[in-house]
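Asks: Contents of data_16.txt (compact mmCIF, C-alpha atoms) are below:
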# COMPACT_ATOMS: atom_id res chain seq x y z
CA MET O 1 39.16 107.44 142.37
CA LYS O 2 42.34 105.93 143.74
CA ILE O 3 41.62 102.77 141.80
CA LYS O 4 41.23 104.76 138.59
CA GLN O 5 44.50 106.64 139.23
CA PHE O 6 46.31 103.40 139.94
CA ALA O 7 44.97 101.90 136.73
CA LEU O 8 46.21 104.90 134.75
CA PHE O 9 49.60 104.67 136.47
CA LEU O 10 49.83 100.96 135.69
CA PHE O 11 48.87 101.60 132.05
CA ALA O 12 51.56 104.27 131.81
CA LEU O 13 54.17 101.84 133.15
CA LEU O 14 53.14 99.18 130.67
CA LEU O 15 53.25 101.68 127.82
CA LEU O 16 56.66 102.90 128.91
CA GLY O 17 57.88 99.33 129.13
CA ALA O 18 56.61 98.57 125.63
CA CYS O 19 58.31 101.68 124.21
CA THR O 20 61.54 100.85 126.00
CA LYS O 21 61.45 97.29 124.69
CA LYS O 22 60.82 98.51 121.15
CA GLN O 23 63.59 101.11 121.44
CA SER O 24 66.08 98.58 122.83
CA HIS O 25 65.41 96.40 119.78
CA LYS O 26 66.50 99.27 117.58
CA ILE O 27 69.64 100.21 119.47
CA ALA O 28 70.81 96.87 120.85
CA GLY O 29 74.44 97.87 120.85
CA SER O 30 76.04 101.27 120.62
CA PHE O 31 78.05 103.53 118.36
CA ASP O 32 79.11 107.12 118.68
CA GLN O 33 78.61 110.00 116.28
CA SER O 34 82.05 109.55 114.71
CA ASP O 35 81.13 105.96 113.79
CA SER O 36 77.91 107.15 112.19
CA THR O 37 79.69 109.89 110.27
CA ASP O 38 82.33 107.46 109.04
CA PHE O 39 79.78 104.84 108.03
CA ALA O 40 77.96 107.44 105.92
CA PHE O 41 81.16 107.95 103.91
CA SER O 42 80.91 106.46 100.42
CA VAL O 43 83.65 103.83 100.00
CA GLU O 44 84.85 102.80 96.56
CA PHE O 45 87.59 100.59 95.18
CA LYS O 46 89.49 102.03 92.21
CA PHE O 47 92.37 99.56 91.89
CA ALA O 48 91.35 96.40 93.77
CA GLN O 49 89.54 93.96 91.48
CA LYS O 50 88.68 91.21 93.95
CA VAL O 51 86.34 93.23 96.15
CA LYS O 52 83.24 95.35 95.55
CA VAL O 53 81.18 97.58 97.83
CA THR O 54 77.71 99.05 97.43
CA ASN O 55 76.99 102.03 99.66
CA LEU O 56 73.35 102.25 100.76
CA GLN O 57 71.55 104.48 103.25
CA ASP O 58 71.54 102.17 106.26
CA HIS O 59 74.00 99.47 105.25
CA LYS O 60 76.84 98.53 102.92
CA GLU O 61 77.09 95.37 100.84
CA LEU O 62 80.65 94.07 100.66
CA GLN O 63 81.35 91.37 98.07
CA ILE O 64 84.50 89.27 97.91
CA LEU O 65 85.29 87.82 94.49
CA SER O 66 86.89 84.49 93.67
CA PRO O 67 90.69 84.40 93.37
CA THR O 68 90.43 82.85 89.92
CA ASP O 69 87.39 84.51 88.29
CA THR O 70 84.73 87.20 88.82
CA ASN O 71 82.29 85.03 90.78
CA VAL O 72 81.17 86.30 94.19
CA VAL O 73 82.33 83.91 96.93
CA ALA O 74 81.01 85.88 99.92
CA THR O 75 78.68 88.79 100.62
CA TYR O 76 78.75 90.72 103.89
CA ILE O 77 76.04 93.13 105.01
CA LEU O 78 77.65 95.84 107.13
CA ALA O 79 75.46 97.98 109.38
CA LEU O 80 75.94 100.06 112.50
CA GLN O 81 75.19 98.42 115.82
CA GLY O 82 71.47 98.26 116.51
CA VAL O 83 70.19 99.54 113.16
CA ASP O 84 67.17 97.51 112.06
CA LEU O 85 67.50 95.79 108.70
CA PRO O 86 64.62 94.05 106.89
CA LYS O 87 64.87 90.34 106.19
CA SER O 88 65.12 91.06 102.47
CA ILE O 89 68.48 92.68 103.22
CA THR O 90 69.85 90.28 105.84
CA ASP O 91 69.10 87.32 103.59
CA LYS O 92 71.60 88.65 101.03
CA GLY O 93 74.67 87.75 103.07
CA VAL O 94 76.34 87.56 106.47
CA VAL O 95 75.43 90.51 108.68
CA ILE O 96 78.34 92.24 110.42
CA ARG O 97 77.61 94.95 112.96
CA VAL O 98 80.22 97.68 112.98
CA PRO O 99 82.39 98.78 114.56
CA VAL O 100 83.38 95.26 115.56
CA LYS O 101 84.98 94.66 118.93
CA ASN O 102 88.10 92.75 117.87
CA ILE O 103 89.64 90.56 115.20
CA CYS O 104 91.78 87.47 114.61
CA CYS O 105 94.12 87.79 111.60
CA LEU O 106 95.34 84.67 109.83
CA SER O 107 97.76 86.58 107.58
CA THR O 108 100.55 89.05 108.34
CA THR O 109 99.26 91.35 105.60
CA HIS O 110 96.04 91.85 107.54
CA VAL O 111 98.03 92.75 110.65
CA GLY O 112 99.94 95.33 108.61
CA ALA O 113 96.68 97.08 107.74
CA MET O 114 95.55 97.08 111.36
CA GLU O 115 98.68 98.83 112.58
CA LEU O 116 98.59 101.33 109.73
CA LEU O 117 95.07 102.28 110.85
CA GLY O 118 96.08 102.48 114.51
CA LEU O 119 93.97 99.44 115.37
CA GLN O 120 96.65 97.08 116.65
CA ASP O 121 94.92 96.88 120.04
CA LYS O 122 91.95 95.22 118.30
CA VAL O 123 94.03 92.23 117.13
CA ILE O 124 93.58 89.40 119.64
CA GLY O 125 94.70 86.40 117.59
CA GLY O 126 96.95 85.35 114.71
CA THR O 127 99.09 82.58 113.25
CA SER O 128 102.88 82.36 113.81
CA ILE O 129 102.60 85.43 116.02
CA ASP O 130 106.27 85.31 116.98
CA LYS O 131 107.10 86.34 113.40
CA PHE O 132 105.12 89.58 113.37
CA TRP O 133 107.45 92.48 112.55
CA SER O 134 105.54 95.31 114.22
CA ALA O 135 106.97 96.29 117.61
CA LYS O 136 103.51 97.36 118.80
CA ILE O 137 102.02 94.02 117.80
CA GLN O 138 104.88 92.19 119.52
CA GLU O 139 104.10 94.10 122.72
CA ARG O 140 100.62 92.58 122.62
CA VAL O 141 102.11 89.14 122.02
CA LEU O 142 104.46 89.46 125.00
CA SER O 143 101.69 90.75 127.26
CA GLY O 144 99.43 87.84 126.33
CA GLU O 145 96.78 90.08 124.77
CA LEU O 146 97.39 88.51 121.34
CA LYS O 147 97.15 84.72 121.24
CA GLU O 148 98.44 82.23 118.69
CA VAL O 149 95.82 80.23 116.77
CA GLY O 150 98.07 78.24 114.46
CA LYS O 151 101.30 78.16 112.49
CA GLY O 152 101.86 79.47 108.97
CA MET O 153 98.88 78.65 106.76
CA VAL O 154 97.46 76.16 109.26
CA SER O 155 94.98 77.55 111.79
CA ASN O 156 93.49 75.84 114.84
CA LEU O 157 89.69 76.07 114.98
CA GLU O 158 89.49 75.24 118.68
CA GLN O 159 91.94 78.02 119.58
CA ILE O 160 89.99 80.51 117.47
CA ILE O 161 86.74 79.53 119.19
CA ALA O 162 88.38 79.89 122.60
CA LEU O 163 89.26 83.52 121.80
CA ARG O 164 85.74 84.29 120.51
CA PRO O 165 86.84 87.13 118.19
CA SER O 166 84.20 89.18 116.39
CA LEU O 167 85.89 88.52 113.05
CA VAL O 168 88.45 86.12 111.59
CA THR O 169 90.18 87.28 108.41
CA THR O 170 91.73 84.60 106.24
CA SER O 171 93.62 84.82 102.95
CA ASP O 172 92.04 81.65 101.56
CA HIS O 173 88.81 79.72 101.93
CA SER O 174 90.14 77.07 104.31
CA LEU O 175 87.62 78.09 106.97
CA GLU O 176 84.64 77.72 104.64
CA LYS O 177 83.63 74.30 105.97
CA ASN O 178 83.72 75.68 109.52
CA GLY O 179 81.97 78.94 108.69
CA ALA O 180 78.56 77.85 109.97
CA ASP O 181 80.02 76.59 113.26
CA LEU O 182 81.86 79.86 113.81
CA ALA O 183 78.82 81.96 112.89
CA ALA O 184 76.65 79.99 115.33
CA ILE O 185 78.73 81.29 118.24
CA GLY O 186 79.05 84.83 116.89
CA ILE O 187 82.37 84.57 115.02
CA THR O 188 82.37 85.72 111.38
CA PRO O 189 85.02 84.43 108.93
CA VAL O 190 85.89 87.08 106.34
CA TYR O 191 87.79 86.20 103.18
CA ASN O 192 90.55 88.58 102.12
CA ASN O 193 91.83 88.00 98.58
CA ASP O 194 94.34 90.85 98.41
CA TRP O 195 97.02 88.36 97.37
CA ARG O 196 95.30 87.81 94.01
CA GLU O 197 95.27 91.44 92.91
CA SER O 198 97.03 92.41 89.69
CA SER O 199 98.79 95.55 90.96
CA LEU O 200 100.59 96.82 94.03
CA LEU O 201 97.96 99.54 94.44
CA GLY O 202 95.21 96.94 94.17
CA ARG O 203 96.74 94.98 97.04
CA ALA O 204 97.25 98.09 99.15
CA GLU O 205 93.64 99.22 98.65
CA TRP O 206 92.43 96.27 100.72
CA MET O 207 93.25 98.39 103.77
CA LYS O 208 89.84 99.92 103.07
CA VAL O 209 88.23 96.53 103.69
CA MET O 210 89.79 96.30 107.14
CA ALA O 211 88.80 99.90 107.83
CA LEU O 212 85.14 99.19 107.04
CA PHE O 213 84.86 96.81 109.99
CA PHE O 214 86.07 99.45 112.45
CA CYS O 215 84.46 102.61 111.00
CA LYS O 216 87.82 103.97 109.86
CA SER O 217 86.94 104.46 106.20
CA VAL O 218 87.54 108.20 106.01
CA GLU O 219 91.04 107.81 107.43
CA ALA O 220 91.82 104.82 105.21
CA ASP O 221 90.65 106.63 102.09
CA SER O 222 92.80 109.66 102.88
CA MET O 223 95.87 107.52 103.56
CA PHE O 224 95.41 105.48 100.42
CA ASN O 225 94.90 108.53 98.19
CA ALA O 226 98.18 109.96 99.47
CA THR O 227 99.88 106.63 98.73
CA VAL O 228 98.52 106.66 95.17
CA GLN O 229 99.97 110.14 94.58
CA ARG O 230 103.37 109.08 95.87
CA TYR O 231 103.25 105.88 93.82
CA TYR O 232 102.62 107.69 90.55
CA GLY O 233 105.35 110.14 91.45
CA VAL O 234 107.76 107.18 91.49
CA VAL O 235 106.32 105.89 88.20
CA ASP O 236 106.98 109.27 86.60
CA LEU O 237 110.52 109.24 87.99
CA ALA O 238 111.17 105.79 86.51
CA LYS O 239 110.09 107.00 83.08
CA THR O 240 113.01 109.44 83.04
CA ALA O 241 115.55 106.60 83.08
CA LYS O 242 117.65 106.12 79.95
CA LYS O 243 116.64 102.50 79.36
CA SER O 244 114.31 99.70 80.48
CA PRO O 245 116.59 96.90 81.68
CA LYS O 246 115.49 93.29 81.49
CA VAL O 247 114.41 91.91 84.87
CA PHE O 248 113.76 88.39 86.16
CA VAL O 249 111.57 87.63 89.18
CA GLY O 250 111.48 83.97 90.14
CA GLN O 251 113.21 80.99 91.65
CA GLU O 252 113.34 77.22 91.67
CA THR O 253 111.48 75.25 94.32
CA ARG O 254 111.92 71.49 94.54
CA GLY O 255 112.87 71.22 90.87
CA THR O 256 110.10 73.48 89.58
CA TRP O 257 110.57 77.07 88.49
CA TYR O 258 107.86 79.63 89.25
CA ILE O 259 107.49 82.58 86.88
CA PRO O 260 105.06 85.48 87.41
CA GLY O 261 102.06 85.73 85.13
CA SER O 262 101.69 88.73 82.83
CA GLU O 263 98.54 89.77 84.75
CA SER O 264 100.13 89.48 88.19
CA TYR O 265 101.04 92.34 90.52
CA VAL O 266 104.72 91.35 90.09
CA SER O 267 104.68 91.97 86.34
CA ALA O 268 102.79 95.24 86.86
CA MET O 269 105.37 96.26 89.45
CA ILE O 270 108.25 95.73 87.03
CA ARG O 271 106.46 97.63 84.28
CA ASP O 272 105.79 100.55 86.64
CA ALA O 273 109.49 100.58 87.56
CA ASN O 274 110.28 100.94 83.84
CA GLY O 275 111.74 97.48 83.60
CA SER O 276 111.20 94.79 80.99
CA MET O 277 110.13 91.26 81.95
CA TYR O 278 108.49 88.32 80.25
CA GLY O 279 105.41 87.20 82.16
CA VAL O 280 103.44 84.04 81.39
CA PRO O 281 100.57 85.34 79.21
CA GLY O 282 97.15 85.58 80.86
CA GLU O 283 98.27 84.31 84.28
CA ARG O 284 97.59 86.29 87.49
CA THR O 285 99.92 84.34 89.78
CA ASN O 286 103.24 82.51 89.61
CA TYR O 287 103.21 79.83 86.94
CA PRO O 288 105.20 76.58 87.24
CA CYS O 289 107.58 75.71 84.43
CA SER O 290 110.77 73.81 83.63
CA PHE O 291 114.33 75.10 83.95
CA GLU O 292 114.65 75.05 80.18
CA LYS O 293 111.75 77.47 79.75
CA ALA O 294 112.87 79.73 82.62
CA TYR O 295 116.38 79.86 81.19
CA ALA O 296 115.22 80.53 77.65
CA GLU O 297 113.13 83.52 78.74
CA HIS O 298 115.27 84.99 81.52
CA HIS O 299 118.91 83.92 81.25
CA ASP O 300 119.97 87.31 79.85
CA ALA O 301 118.13 89.48 82.40
CA GLU O 302 120.36 92.10 84.02
CA TYR O 303 118.58 92.03 87.39
CA TRP O 304 117.13 89.15 89.37
CA PHE O 305 114.66 89.58 92.24
CA THR O 306 113.58 86.74 94.50
CA GLN O 307 110.70 86.76 97.00
CA ARG O 308 111.25 83.32 98.49
CA GLY O 309 113.64 81.93 101.06
CA SER O 310 113.33 84.90 103.40
CA ASN O 311 116.13 83.71 105.70
CA ILE O 312 118.76 83.71 102.94
CA LYS O 313 121.59 86.10 103.79
CA THR O 314 124.32 85.50 101.19
CA ILE O 315 124.70 84.80 97.48
CA ASP O 316 126.30 81.43 98.33
CA GLU O 317 123.23 80.39 100.32
CA PHE O 318 121.06 81.44 97.39
CA SER O 319 123.04 79.53 94.76
CA SER O 320 123.15 76.38 96.90
CA ALA O 321 119.40 75.98 96.31
CA SER O 322 119.90 75.15 92.63
CA GLU O 323 122.77 74.14 90.40
CA HIS O 324 121.28 76.30 87.64
CA TYR O 325 121.37 79.70 89.35
CA LYS O 326 124.96 80.48 88.37
CA LYS O 327 124.07 80.15 84.68
CA PHE O 328 122.00 83.34 84.66
CA LYS O 329 123.53 86.65 83.58
CA ALA O 330 122.11 88.56 86.57
CA TYR O 331 123.87 86.14 88.93
CA GLN O 332 127.15 86.53 87.05
CA LEU O 333 126.82 90.34 87.24
CA GLY O 334 126.17 90.19 90.98
CA ASN O 335 122.70 91.68 90.50
CA VAL O 336 120.59 89.35 92.65
CA PHE O 337 118.26 91.00 95.17
CA ILE O 338 116.00 89.62 97.89
CA ASN O 339 113.08 91.20 99.77
CA ASN O 340 114.28 90.51 103.31
CA LYS O 341 116.08 93.70 104.28
CA ARG O 342 113.58 94.15 107.14
CA LEU O 343 113.89 90.71 108.67
CA ASN O 344 113.74 90.43 112.47
CA GLU O 345 115.49 87.92 114.69
CA ARG O 346 112.40 85.68 114.76
CA GLY O 347 112.22 85.43 110.97
CA GLY O 348 109.42 87.93 110.53
CA ASN O 349 109.63 89.76 107.20
CA ASP O 350 108.14 93.26 107.10
CA PHE O 351 107.86 93.10 103.31
CA TRP O 352 104.73 90.96 103.85
CA GLU O 353 103.43 93.12 106.69
CA SER O 354 103.87 96.84 106.10
CA GLY O 355 105.27 96.49 102.57
CA VAL O 356 101.86 95.61 101.16
CA TYR O 357 100.53 99.00 102.23
CA HIS O 358 103.57 101.00 101.10
CA PRO O 359 103.65 100.14 97.39
CA ASP O 360 105.33 103.47 96.69
CA LEU O 361 108.33 102.44 98.78
CA VAL O 362 108.49 98.95 97.26
CA LEU O 363 108.47 100.51 93.79
CA LYS O 364 111.02 103.13 94.77
CA ASP O 365 113.35 100.36 95.91
CA LEU O 366 113.13 98.75 92.48
CA VAL O 367 113.71 102.03 90.66
CA LYS O 368 116.77 102.72 92.81
CA ILE O 369 118.19 99.28 91.94
CA ILE O 370 117.52 98.91 88.21
CA HIS O 371 118.12 102.54 87.25
CA PRO O 372 121.52 103.48 88.71
CA ASP O 373 121.74 106.27 86.11
CA LEU O 374 119.11 108.20 88.07
CA ASP O 375 121.59 108.38 90.97
CA LEU O 376 118.89 108.51 93.65
CA SER O 377 119.99 109.64 97.11
CA TYR O 378 117.78 106.99 98.65
CA GLU O 379 118.47 103.83 100.62
CA THR O 380 116.28 100.85 99.83
CA ILE O 381 113.87 99.75 102.54
CA TYR O 382 112.63 96.27 101.62
CA TRP O 383 115.06 94.99 98.97
CA ARG O 384 118.77 94.32 99.41
CA SER O 385 121.59 92.90 97.35
CA LEU O 386 122.79 89.34 97.95
CA ASP O 387 126.57 89.64 98.30
Could you write out this file's structure as structure tokens?

Replies:
Amino acid sequence: MKIKQFALFLFALLLLGACTKKQSHKIAGSFDQSDSTDFAFSVEFKFAQKVKVTNLQDHKELQILSPTDTNVVATYILALQGVDLPKSITDKGVVIRVPVKNICCLSTTHVGAMELLGLQDKVIGGTSIDKFWSAKIQERVLSGELKEVGKGMVSNLEQIIALRPSLVTTSDHSLEKNGADLAAIGITPVYNNDWRESSLLGRAEWMKVMALFFCKSVEADSMFNATVQRYYGVVDLAKTAKKSPKVFVGQETRGTWYIPGSESYVSAMIRDANGSMYGVPGERTNYPCSFEKAYAEHHDAEYWFTQRGSNIKTIDEFSSASEHYKKFKAYQLGNVFINNKRLNERGGNDFWESGVYHPDLVLKDLVKIIHPDLDLSYETIYWRSLD
């Protein structure tokens, strides 16, 4: 009898062990109810053209599109920690379990999204970290919680591996050749092509991509919708101006002039501010051209905006970069503006950090500048005059 009871007890233990093993396979990792609720939220992109998301019952498929066309360059399968996915799903792309633990950002724009979402404590690595504008991010740098993994556009693979972040976000595909090595040790490179969007709102909407990795989609969607409303409020204000002044956005670099394409976010920004500007037809980014062409198209513009040379402080410094600058009407009128009003002592420019996610404020700056007849009681935030 005792032998029979012992056998039953042993069988029960084995059965319990099998159930526990099977259950642990399903929930290897953890998430709370708020994560589950957020993940169930249906995410969509209304303005961003370089990212797509498909919301499914137990996972989301996130596709990143090529900077130059509509081809898919990367597919990520997002699922909550521990949720079983069939091989037919996992074979579609790189599986990312959310919420992720931490992240390494190789662009200041990505850091801007993290702070906006209250996730700055999740950033453990970045490039040129001394130039980050955010005071909260700088606190992490000074405390050693955020490490440097490169300078500018050049990242250091060994330093990234040493940090072992869950994700690495990069604004180009420079990590593609190292993707397999990173993935083998549990580090996922994620491509972020916000810089190739054709509108300010399209760029700002990429905050939803960052939010997906941390189960913050509901919050990101609410914040972005409020931004859209404010943005169109500024657009409507600009339409009340008496005229649409001619605007030039560009500069010379090493003998070559770079002019925004007609399909770029810069051209869209000027149009939304009720300004007039010639953009190179069909181009989504800055297009190189000669001085002769730049002068022919823009010499009579009333306002000139430059987004390069962030350390420039005076009009004399600006004009010293090219002998041709003084020939333009905007220069002669004293209407040259630069996007470095929020420049810290280390050279960090907040235009490229928080400015990306406040398109309404960037646009409002432009409206304030090119439409003095509106007499706005508003002080510009990102743009300032070169005196």

Asks: Just checking: using only C-alpha atoms, which residue out of O:Leu386, O:Ile185, O:Met207, O:Val149 ends up closest to Ala113 (chain O)?

Replies: O:Met207

Asks: For a test of reading the model, state the distance in Å between CA of Ile381 (chain O) and CA of Lys341 (chain O), rounded to one decimal.

Replies: 6.7 Å

Asks: Would you tabulate, counting only C-alpha atoms, all residues of region 178-261 of chain O that have an atom at most 12 Å from an atom of region 62-65 of chain O, showing the closest pair of atoms and their distance in Å to one decimal, sorted by chain then ascending number, as a tab-separated table?

Replies:
residue	atom	partner	partner_atom	distance
O:Val190	CA	O:Ile64	CA	8.8
O:Tyr191	CA	O:Ile64	CA	6.9
O:Asn192	CA	O:Ile64	CA	7.4
O:Asn193	CA	O:Ile64	CA	7.5
O:Asp194	CA	O:Ile64	CA	10.0
O:Arg196	CA	O:Leu65	CA	10.0
O:Glu197	CA	O:Leu65	CA	10.7
O:Trp206	CA	O:Ile64	CA	10.9
O:Lys208	CA	O:Leu62	CA	11.2
O:Val209	CA	O:Leu62	CA	8.5
O:Met210	CA	O:Leu62	CA	11.4
O:Leu212	CA	O:Leu62	CA	9.3
O:Phe213	CA	O:Leu62	CA	10.6

Asks: For the selection just defined, write its residues with C-alpha atoms to a file, as a PDB file, keeping the file's coordinate frame.

Replies:
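Wrote result_12.pdb, looks like this:
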ATOM      1  CA  VAL O 190      85.890  87.080 106.340  1.00  0.00           C
ATOM      2  CA  TYR O 191      87.790  86.200 103.180  1.00  0.00           C
ATOM      3  CA  ASN O 192      90.550  88.580 102.120  1.00  0.00           C
ATOM      4  CA  ASN O 193      91.830  88.000  98.580  1.00  0.00           C
ATOM      5  CA  ASP O 194      94.340  90.850  98.410  1.00  0.00           C
ATOM      6  CA  ARG O 196      95.300  87.810  94.010  1.00  0.00           C
ATOM      7  CA  GLU O 197      95.270  91.440  92.910  1.00  0.00           C
ATOM      8  CA  TRP O 206      92.430  96.270 100.720  1.00  0.00           C
ATOM      9  CA  LYS O 208      89.840  99.920 103.070  1.00  0.00           C
ATOM     10  CA  VAL O 209      88.230  96.530 103.690  1.00  0.00           C
ATOM     11  CA  MET O 210      89.790  96.300 107.140  1.00  0.00           C
ATOM     12  CA  LEU O 212      85.140  99.190 107.040  1.00  0.00           C
ATOM     13  CA  PHE O 213      84.860  96.810 109.990  1.00  0.00           C
TER      14      PHE O 213
END

Asks: Taking every listed atom of region 70-78 of chain O and adding 8 Å to each side, what centre and edge lengths in Å (one decimal) does the axis-aligned box have, as AutoDock Vina command-line options?

Replies:
--center_x 80.4 --center_y 89.9 --center_z 98.0 --size_x 24.7 --size_y 27.9 --size_z 34.3

Asks: Taking all atoms listed in the file into account, name the residue in O:Ile129, O:His358, O:Lys60, O:Ser155 that is nearest to Ala226 (chain O).

Replies: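 Nearest candidate to Ala226 (chain O) out of O:Ile129, O:His358, O:Lys60, O:Ser155: O:His358.
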
Asks: Figure out the distance between CA of Lys246 (chain O) and CA of Ala330 (chain O), please, to one decimal in Å.

Replies: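 Distance between the two atoms: 9.6 Å.
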
Asks: Quick one: of O:Trp133, O:Val100, O:Ser244, O:Ser143, who's nearest to Asp373 (chain O), counting all atoms listed in the file?

Replies: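 Smallest distance to Asp373 (chain O) is found for O:Ser244.
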
Asks: Find the residue from O:Trp257, O:Phe328, O:Phe291, O:Phe305 that sits nearest to Asp365 (chain O); use all atoms listed in the file when measuring.

Replies: O:Phe305

Asks: May I ask for the distance between CA of Pro359 (chain O) and CA of Tyr231 (chain O), given in Å to one decimal place?

Replies: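 Value for the CA of Pro359 (chain O)-CA of Tyr231 (chain O) distance: 6.8 Å.
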
Asks: Could you give me, as a list of chain:residue names, the residues within 10 Å of Lys242 (chain O), counting all atoms listed in the file and dropping anything in the same chain fewer than 5 positions from it?

Replies: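 My reading of the contact set: O:Asn274, O:His371, O:Pro372, O:Asp373, O:Leu374.
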
Asks: Find the residues near Val95 (chain O): any atom within 10 Å, counting all atoms listed in the file, skip ones fewer than 3 places away on the same chain, and give them as a ChimeraX atom specification.

Replies: /O:59-61,75-79,85,89-92,98,188
